[in-house]
Amino acid sequence: MRASMQPREIHHIGHAVEDITGAVETYERLFGAVAEHHETVPEQGVEAVSLRVGSGRIELLRPLGEDTPVGRFVASRGPGMHHVAYSVDDIRAALRDASAAGAELIDEEPHAGLFGLQVAFIHPSSVAGVLVEYVQVEGAIHG
């Protein structure tokens, strides 16, 4: 395995929701979560809230419309786990190496995500049915 494909850590778990306010309240009440960031990302068609839960992070995603990736996910599967995001040091190298190893990339190039981080996705068919996000962590909130 190439070094660029080895994630530093799980950066966050993405959870698709219909009611983001209610989901934040649930995570706060049940798990002591603390909201660290709230942002609308029109390019990805989501309203997102990042929550710290212990040393981990949950990203709540509410679709801005039915014809968005998260909107289609919620329409077909309902609310639930949407993706797992891994921190990588060099996202372009990680994408190149994942593709060379046979992964089907959704994003050939990274784009801006929550916190303005560079992100890119690998198709779930390449990872046993789980959507994977790479997050470049250099200069980012990651710990």
# chains A, B, ... in the order shown; residues from 1 in each chain; ligands from 1
$ residues_around --residues "segment 76-92 of chain A" --least-positions-apart "5" --cutoff "6 Å" --atoms "only C-alpha atoms" --output "PyMOL selection string"
chain A and resi 7-17+131-137
$ write_last_selection --atoms "N, CA and C atoms" --output "tab-separated table (two decimals), in the first residue's frame"
chain	number	residue	atom	x	y	z
A	7	PRO	N	-4.60	6.49	5.53
A	7	PRO	CA	-5.16	7.63	6.24
A	7	PRO	C	-4.49	7.84	7.59
A	8	ARG	N	-4.47	9.07	8.00
A	8	ARG	CA	-3.96	9.45	9.31
A	8	ARG	C	-4.93	8.94	10.39
A	9	GLU	N	-6.24	9.10	10.12
A	9	GLU	CA	-7.29	8.73	11.07
A	9	GLU	C	-8.64	8.84	10.37
A	10	ILE	N	-9.68	8.39	11.04
A	10	ILE	CA	-11.03	8.70	10.56
A	10	ILE	C	-11.29	10.15	10.95
A	11	HIS	N	-11.55	10.98	9.99
A	11	HIS	CA	-11.80	12.39	10.23
A	11	HIS	C	-13.20	12.62	10.77
A	12	HIS	N	-14.19	11.96	10.15
A	12	HIS	CA	-15.57	12.07	10.63
A	12	HIS	C	-16.44	11.00	9.99
A	13	ILE	N	-17.61	10.82	10.58
A	13	ILE	CA	-18.66	9.99	10.00
A	13	ILE	C	-19.75	10.94	9.55
A	14	GLY	N	-20.19	10.82	8.30
A	14	GLY	CA	-21.27	11.65	7.79
A	14	GLY	C	-22.61	10.99	8.04
A	15	HIS	N	-23.56	11.74	8.58
A	15	HIS	CA	-24.89	11.23	8.92
A	15	HIS	C	-25.92	12.11	8.21
A	16	ALA	N	-26.64	11.54	7.26
A	16	ALA	CA	-27.69	12.26	6.53
A	16	ALA	C	-28.93	12.35	7.40
A	17	VAL	N	-29.50	13.56	7.50
A	17	VAL	CA	-30.67	13.79	8.35
A	17	VAL	C	-31.69	14.64	7.60
A	131	LEU	N	-19.65	4.80	0.98
A	131	LEU	CA	-19.10	5.99	0.36
A	131	LEU	C	-17.93	6.47	1.23
A	132	VAL	N	-16.78	6.71	0.59
A	132	VAL	CA	-15.58	7.15	1.31
A	132	VAL	C	-15.21	8.55	0.85
A	133	GLU	N	-14.87	9.38	1.81
A	133	GLU	CA	-14.41	10.73	1.53
A	133	GLU	C	-12.97	10.84	2.02
A	134	TYR	N	-12.11	11.40	1.16
A	134	TYR	CA	-10.78	11.80	1.60
A	134	TYR	C	-10.86	13.27	1.98
A	135	VAL	N	-10.18	13.63	3.08
A	135	VAL	CA	-10.11	15.01	3.55
A	135	VAL	C	-8.64	15.34	3.74
A	136	GLN	N	-8.17	16.38	3.03
A	136	GLN	CA	-6.79	16.81	3.24
A	136	GLN	C	-6.75	17.64	4.50
A	137	VAL	N	-5.90	17.23	5.43
A	137	VAL	CA	-5.91	17.81	6.77
A	137	VAL	C	-4.87	18.91	6.99
$ residues_around --residues "segment 41-56 of chain A" --least-positions-apart "4" --cutoff "9 Å" --atoms "only C-alpha atoms" --output "PDB file with C-alpha atoms, in the first residue's frame"
ATOM      1  CA  ILE A  10     -11.028   8.697  10.564  1.00  0.00           C
ATOM      2  CA  HIS A  11     -11.797  12.395  10.225  1.00  0.00           C
ATOM      3  CA  HIS A  12     -15.566  12.069  10.635  1.00  0.00           C
ATOM      4  CA  ILE A  13     -18.661   9.990  10.001  1.00  0.00           C
ATOM      5  CA  ILE A  20     -30.712  19.028  11.407  1.00  0.00           C
ATOM      6  CA  VAL A  24     -28.031  18.241  16.831  1.00  0.00           C
ATOM      7  CA  TYR A  27     -26.452  14.126  19.703  1.00  0.00           C
ATOM      8  CA  GLU A  28     -26.071  16.750  22.435  1.00  0.00           C
ATOM      9  CA  PHE A  31     -23.729  11.761  23.615  1.00  0.00           C
ATOM     10  CA  GLY A  32     -22.678  15.139  25.015  1.00  0.00           C
ATOM     11  CA  ALA A  33     -21.804  16.352  21.522  1.00  0.00           C
ATOM     12  CA  VAL A  34     -20.588  19.907  21.039  1.00  0.00           C
ATOM     13  CA  ALA A  35     -21.335  21.736  17.786  1.00  0.00           C
ATOM     14  CA  GLU A  36     -18.093  23.139  16.366  1.00  0.00           C
ATOM     15  CA  HIS A  37     -19.185  24.426  12.961  1.00  0.00           C
ATOM     16  CA  LEU A  60     -24.719  16.012  10.102  1.00  0.00           C
ATOM     17  CA  LEU A  61     -25.907  16.631   6.555  1.00  0.00           C
ATOM     18  CA  ARG A  62     -29.326  17.997   5.622  1.00  0.00           C
ATOM     19  CA  PRO A  63     -30.035  18.057   1.889  1.00  0.00           C
ATOM     20  CA  LEU A  64     -30.912  21.431   0.384  1.00  0.00           C
ATOM     21  CA  GLY A  65     -33.091  19.692  -2.188  1.00  0.00           C
ATOM     22  CA  ASP A  67     -31.984  16.444  -6.509  1.00  0.00           C
ATOM     23  CA  THR A  68     -28.706  16.581  -4.585  1.00  0.00           C
ATOM     24  CA  PRO A  69     -26.479  13.634  -3.655  1.00  0.00           C
ATOM     25  CA  VAL A  70     -27.619  13.675  -0.011  1.00  0.00           C
ATOM     26  CA  GLY A  71     -31.210  14.399  -1.073  1.00  0.00           C
ATOM     27  CA  ALA A 112     -13.998  22.605  -1.191  1.00  0.00           C
ATOM     28  CA  GLY A 113     -15.996  20.956   1.576  1.00  0.00           C
ATOM     29  CA  LEU A 114     -16.946  21.861   5.138  1.00  0.00           C
ATOM     30  CA  GLY A 143      -7.908  16.856  15.958  1.00  0.00           C
TER      31      GLY A 143
END
$ atom_distance --atom1 "atom CA of Gly129 of chain A" --atom2 "atom CA of Leu105 of chain A"
13.6 Å
$ atom_distance --atom1 "atom CA of Ala93 of chain A" --atom2 "atom CA of His38 of chain A"
29.1 Å
$ atom_distance --atom1 "atom CA of Ile122 of chain A" --atom2 "atom CA of Gly22 of chain A"
29.3 Å
$ select_by_dssp --residues "segment 57-122 of chain A" --states "strand (DSSP E)" --output "list of chain:residue names"
A:Arg57, A:Ile58, A:Glu59, A:Leu60, A:Leu61, A:Arg62, A:Pro63, A:Gly80, A:Met81, A:His82, A:His83, A:Val84, A:Ala85, A:Tyr86, A:Ser87, A:Val88, A:His111, A:Ala112, A:Gln118, A:Val119, A:Ala120, A:Phe121, A:Ile122
$ write_last_selection --atoms "N, CA and C atoms" --output "tab-separated table (two decimals), in the first residue's frame"
chain	number	residue	atom	x	y	z
A	57	ARG	N	-15.64	12.95	15.56
A	57	ARG	CA	-16.44	13.98	14.92
A	57	ARG	C	-17.54	13.32	14.10
A	58	ILE	N	-18.75	13.90	14.20
A	58	ILE	CA	-19.89	13.50	13.38
A	58	ILE	C	-20.26	14.72	12.53
A	59	GLU	N	-20.52	14.49	11.26
A	59	GLU	CA	-20.95	15.56	10.37
A	59	GLU	C	-22.40	15.28	10.00
A	60	LEU	N	-23.31	16.14	10.46
A	60	LEU	CA	-24.72	16.01	10.10
A	60	LEU	C	-24.95	16.73	8.79
A	61	LEU	N	-25.67	16.08	7.89
A	61	LEU	CA	-25.91	16.63	6.56
A	61	LEU	C	-27.40	16.66	6.25
A	62	ARG	N	-27.93	17.85	6.04
A	62	ARG	CA	-29.33	18.00	5.62
A	62	ARG	C	-29.33	18.43	4.17
A	63	PRO	N	-30.02	17.67	3.30
A	63	PRO	CA	-30.03	18.06	1.89
A	63	PRO	C	-30.77	19.37	1.67
A	80	GLY	N	-29.56	8.34	7.84
A	80	GLY	CA	-28.63	7.34	8.35
A	80	GLY	C	-27.21	7.65	7.95
A	81	MET	N	-26.31	6.69	8.23
A	81	MET	CA	-24.90	6.88	7.91
A	81	MET	C	-24.74	7.09	6.41
A	82	HIS	N	-24.07	8.17	6.04
A	82	HIS	CA	-23.90	8.52	4.64
A	82	HIS	C	-22.50	8.19	4.13
A	83	HIS	N	-21.47	8.50	4.93
A	83	HIS	CA	-20.10	8.24	4.48
A	83	HIS	C	-19.14	8.19	5.66
A	84	VAL	N	-17.95	7.67	5.37
A	84	VAL	CA	-16.83	7.69	6.31
A	84	VAL	C	-15.73	8.52	5.65
A	85	ALA	N	-15.21	9.49	6.40
A	85	ALA	CA	-14.17	10.37	5.87
A	85	ALA	C	-12.84	10.07	6.55
A	86	TYR	N	-11.81	9.97	5.74
A	86	TYR	CA	-10.46	9.69	6.23
A	86	TYR	C	-9.56	10.88	5.98
A	87	SER	N	-8.74	11.24	6.97
A	87	SER	CA	-7.74	12.30	6.83
A	87	SER	C	-6.56	11.77	6.03
A	88	VAL	N	-6.14	12.53	5.05
A	88	VAL	CA	-4.94	12.20	4.28
A	88	VAL	C	-4.07	13.45	4.19
A	111	HIS	N	-12.28	19.18	-4.15
A	111	HIS	CA	-13.06	20.41	-4.16
A	111	HIS	C	-13.28	20.85	-2.73
A	112	ALA	N	-13.79	22.06	-2.54
A	112	ALA	CA	-14.00	22.61	-1.19
A	112	ALA	C	-15.16	21.92	-0.51
A	118	GLN	N	-10.20	20.63	1.54
A	118	GLN	CA	-10.20	19.94	0.25
A	118	GLN	C	-10.69	18.52	0.48
A	119	VAL	N	-11.72	18.12	-0.28
A	119	VAL	CA	-12.33	16.79	-0.13
A	119	VAL	C	-12.53	16.15	-1.49
A	120	ALA	N	-12.66	14.83	-1.51
A	120	ALA	CA	-12.97	14.07	-2.71
A	120	ALA	C	-13.55	12.73	-2.28
A	121	PHE	N	-14.39	12.16	-3.16
A	121	PHE	CA	-15.10	10.94	-2.80
A	121	PHE	C	-14.73	9.76	-3.68
A	122	ILE	N	-14.78	8.57	-3.07
A	122	ILE	CA	-14.59	7.28	-3.75
A	122	ILE	C	-15.95	6.58	-3.76
$ select_by_dssp --residues "segment 12-126 of chain A" --states "alpha helix (DSSP H)" --output "PyMOL selection string"
chain A and resi 20-31+69-77+91-100
$ closest_residue --among "A:Thr21, A:Pro110, A:Phe73, A:Gly102" --to "Ser125 of chain A" --atoms "only C-alpha atoms"
A:Gly102
$ closest_residue --among "A:Leu30, A:Thr40, A:Glu18, A:Asp107" --to "Glu66 of chain A" --atoms "only C-alpha atoms"
A:Glu18
